[in-house]
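*Asks:* Sharing a structure here in structure tokens format.
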Amino acid sequence: MRCFKADLHIHSVLSPCGGLEMSPQAMIQRIKELNIEWIAITDHNSLANCPAYAKVAAENGIAFTYGVEIQTSEEIHILAYFDDCLKAMEFNETLYGALLPIPNDAEFFGDQVVIDAEENIIRLEERALSNSVLWNLEETRAAVESYGGFCVPAHVDAYANSILSQLGFLPLEMHFPLLGITSGLILEDFFSLHPEMKELTFLRASDAHYLSDLGCGSSRIFVEMPCVEELVMAANSQNDRKILT
Ligand SMILES: [Zn+2]
Ligand SMILES: [Zn+2]
């Protein structure tokens, strides 16, 4: 078993309100300085930049998981992770088809830049990635799982776009094995408000949009391999796998 310092919620230059400084080279350099060993890129409603960052991560010995942060029709943010890159990019097509066809306001949100590993701009994404998809929470989960992905509600303690802020409660019957939390959350304080969540497993991450955000939050994940299949086992505390926040 190995312990990986992991940050599985990071935005690239594709995300609206993200920084163009988050280029693959600059980001991975900073990740190495912080001794982070496993990352996922989770842009809003798109996996288009995962291949570029995956390549630079691999060149630098950083484990990489294809991810995305989906905004459901209830405006809940759900992280989705994939082991199979081809399936992930197929899912990306389906996701794009479910995204509201509203143009990006580049003046307000900034450009949504799709790049390659050499940091050439391939295209600007014209559709606003900051909007919701047409799927509700259940439909989002079903869609992700039909492509072999794993859903993790993002930053459940956040005052906006979290499962608690949007629904007012955690639907326990959905049995999410893992819940994302914000970088600075003190879990003891959170449990005093939500004792029903005490036994659940949490994933702390930076949710970085800028280089300076990196390192503010990470988790220690004990697995045999840095992959989604093992992450699911760790979320369920199976076979000595575990996650420490
Ligand atoms: Zn979010
Ligand atoms: Zn995010």
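How things are named: the first chain in the structure tokens is A, the next is B, and so on; residues count from 1 in each chain; ligands count from 1 in the order shown.
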Set the cut-off to 12 Å, count only C-alpha atoms and all ligand atoms, and list whatever residues fall near ligand 2 as a PyMOL selection string.
*Replies:* chain A and resi 7-12+14-18+40-46+67-71+76-80+129-130+152-156+158+160-162+180-183+204-210+213
*Asks:* Taking 2 positions as the minimum chain separation for residues in the same chain, which residues sit within 12 Å of A:Ile39 when counting only C-alpha atoms? Answer as an NGL selection string.
*Replies:* :A and (4-12 or 27-28 or 30-32 or 34-37 or 41-42 or 50 or 53-54 or 56-58 or 61-67 or 81 or 205-208 or 214-215 or 217-221 or 226-228)
*Asks:* Please measure the separation of atom CA of A:Met233 and atom CA of A:Glu139, giving the value in Å to one decimal.
*Replies:*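 That distance, rounded to one decimal, is 23.4 Å.
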*Asks:* Quick one: of A:Val13, A:Ser237, A:Thr201, A:Thr140, who's nearest to A:Leu124, counting only C-alpha atoms?
*Replies:*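 Looking only at the distances to A:Leu124, the closest residue turns out to be A:Val13.
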*Asks:* Which is closest to A:Gly184 among A:Leu170, A:Cys216, A:Leu137, A:Met197, if we use only C-alpha atoms?
*Replies:*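 Answer, going by the shortest atom-to-atom distance: A:Cys216.
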*Asks:* Could you go through stretch 114-176 of chain A and tell me which residues DSSP, when run on the backbone, assigns to alpha helix (DSSP H), listing them as a ChimeraX atom specification?
*Replies:* /A:137-146,163-167
*Asks:* As an mmCIF file with N, CA, C and O atoms, in the first residue's frame, please: every residue in stretch 78-178 of chain A that a backbone DSSP assignment puts in strand (DSSP E).
*Replies:*
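Output file out.cif follows:
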data_model
loop_
_atom_site.group_PDB
_atom_site.id
_atom_site.type_symbol
_atom_site.label_atom_id
_atom_site.label_comp_id
_atom_site.auth_asym_id
_atom_site.auth_seq_id
_atom_site.Cartn_x
_atom_site.Cartn_y
_atom_site.Cartn_z
ATOM 1 N N ILE A 78 -20.898 18.489 -9.058
ATOM 2 C CA ILE A 78 -20.567 17.076 -8.874
ATOM 3 C C ILE A 78 -19.262 16.789 -9.602
ATOM 4 O O ILE A 78 -19.147 17.027 -10.816
ATOM 5 N N LEU A 79 -18.286 16.283 -8.877
ATOM 6 C CA LEU A 79 -17.038 15.858 -9.510
ATOM 7 C C LEU A 79 -17.243 14.471 -10.090
ATOM 8 O O LEU A 79 -17.905 13.626 -9.473
ATOM 9 N N ALA A 80 -16.694 14.242 -11.276
ATOM 10 C CA ALA A 80 -16.758 12.907 -11.884
ATOM 11 C C ALA A 80 -15.356 12.524 -12.326
ATOM 12 O O ALA A 80 -14.627 13.345 -12.894
ATOM 13 N N TYR A 81 -14.977 11.280 -12.010
ATOM 14 C CA TYR A 81 -13.622 10.798 -12.302
ATOM 15 C C TYR A 81 -13.679 9.542 -13.162
ATOM 16 O O TYR A 81 -14.574 8.703 -12.995
ATOM 17 N N PHE A 82 -12.687 9.398 -14.039
ATOM 18 C CA PHE A 82 -12.658 8.274 -14.984
ATOM 19 C C PHE A 82 -11.253 7.661 -15.042
ATOM 20 O O PHE A 82 -10.265 8.395 -15.111
ATOM 21 N N VAL A 113 -10.091 28.470 -22.671
ATOM 22 C CA VAL A 113 -9.042 28.101 -23.620
ATOM 23 C C VAL A 113 -8.779 26.600 -23.605
ATOM 24 O O VAL A 113 -8.449 26.028 -22.557
ATOM 25 N N VAL A 114 -8.913 25.976 -24.785
ATOM 26 C CA VAL A 114 -8.531 24.573 -24.955
ATOM 27 C C VAL A 114 -7.132 24.552 -25.549
ATOM 28 O O VAL A 114 -6.877 25.191 -26.573
ATOM 29 N N ILE A 115 -6.209 23.847 -24.881
ATOM 30 C CA ILE A 115 -4.805 23.862 -25.305
ATOM 31 C C ILE A 115 -4.284 22.449 -25.499
ATOM 32 O O ILE A 115 -4.913 21.474 -25.081
ATOM 33 N N ILE A 121 -2.777 27.135 -28.301
ATOM 34 C CA ILE A 121 -4.234 27.251 -28.193
ATOM 35 C C ILE A 121 -4.870 26.512 -29.363
ATOM 36 O O ILE A 121 -4.598 26.807 -30.521
ATOM 37 N N ILE A 122 -5.672 25.492 -29.034
ATOM 38 C CA ILE A 122 -6.360 24.721 -30.069
ATOM 39 C C ILE A 122 -7.634 25.453 -30.485
ATOM 40 O O ILE A 122 -7.950 25.585 -31.659
ATOM 41 N N ARG A 123 -8.353 25.938 -29.499
ATOM 42 C CA ARG A 123 -9.588 26.680 -29.802
ATOM 43 C C ARG A 123 -10.068 27.361 -28.519
ATOM 44 O O ARG A 123 -9.600 27.041 -27.419
ATOM 45 N N LEU A 124 -10.985 28.293 -28.703
ATOM 46 C CA LEU A 124 -11.679 28.881 -27.559
ATOM 47 C C LEU A 124 -13.055 28.235 -27.484
ATOM 48 O O LEU A 124 -13.744 28.146 -28.491
ATOM 49 N N PHE A 150 -17.023 7.816 -11.709
ATOM 50 C CA PHE A 150 -17.313 7.811 -10.273
ATOM 51 C C PHE A 150 -17.670 9.237 -9.852
ATOM 52 O O PHE A 150 -16.905 10.171 -10.113
ATOM 53 N N CYS A 151 -18.831 9.391 -9.220
ATOM 54 C CA CYS A 151 -19.319 10.726 -8.819
ATOM 55 C C CYS A 151 -18.990 11.045 -7.366
ATOM 56 O O CYS A 151 -19.229 10.233 -6.474
ATOM 57 N N VAL A 152 -18.510 12.245 -7.147
ATOM 58 C CA VAL A 152 -18.230 12.751 -5.799
ATOM 59 C C VAL A 152 -18.843 14.158 -5.695
ATOM 60 O O VAL A 152 -18.389 15.070 -6.385
ATOM 61 N N PRO A 153 -19.866 14.343 -4.863
ATOM 62 C CA PRO A 153 -20.394 15.699 -4.688
ATOM 63 C C PRO A 153 -19.263 16.639 -4.248
ATOM 64 O O PRO A 153 -18.515 16.329 -3.322
ATOM 65 N N LEU A 178 -18.185 9.000 -1.200
ATOM 66 C CA LEU A 178 -17.150 10.000 -0.949
ATOM 67 C C LEU A 178 -17.741 11.386 -1.192
ATOM 68 O O LEU A 178 -18.489 11.591 -2.154
#
*Asks:* Select, from A:Asn92, A:Ser23, A:Ser212, A:Ser132, the residue with the minimum atom-to-atom distance to ligand 1, counting only C-alpha atoms and all ligand atoms.
*Replies:*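 That would be A:Ser132, the residue with the smallest distance to ligand 1.
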*Asks:* At what distance in Å, to one decimal, does atom CA of A:Asn239 lie from atom CA of A:Ile163?
*Replies:*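 We find that atom CA of A:Ile163 and atom CA of A:Asn239 lie 29.1 Å from each other.
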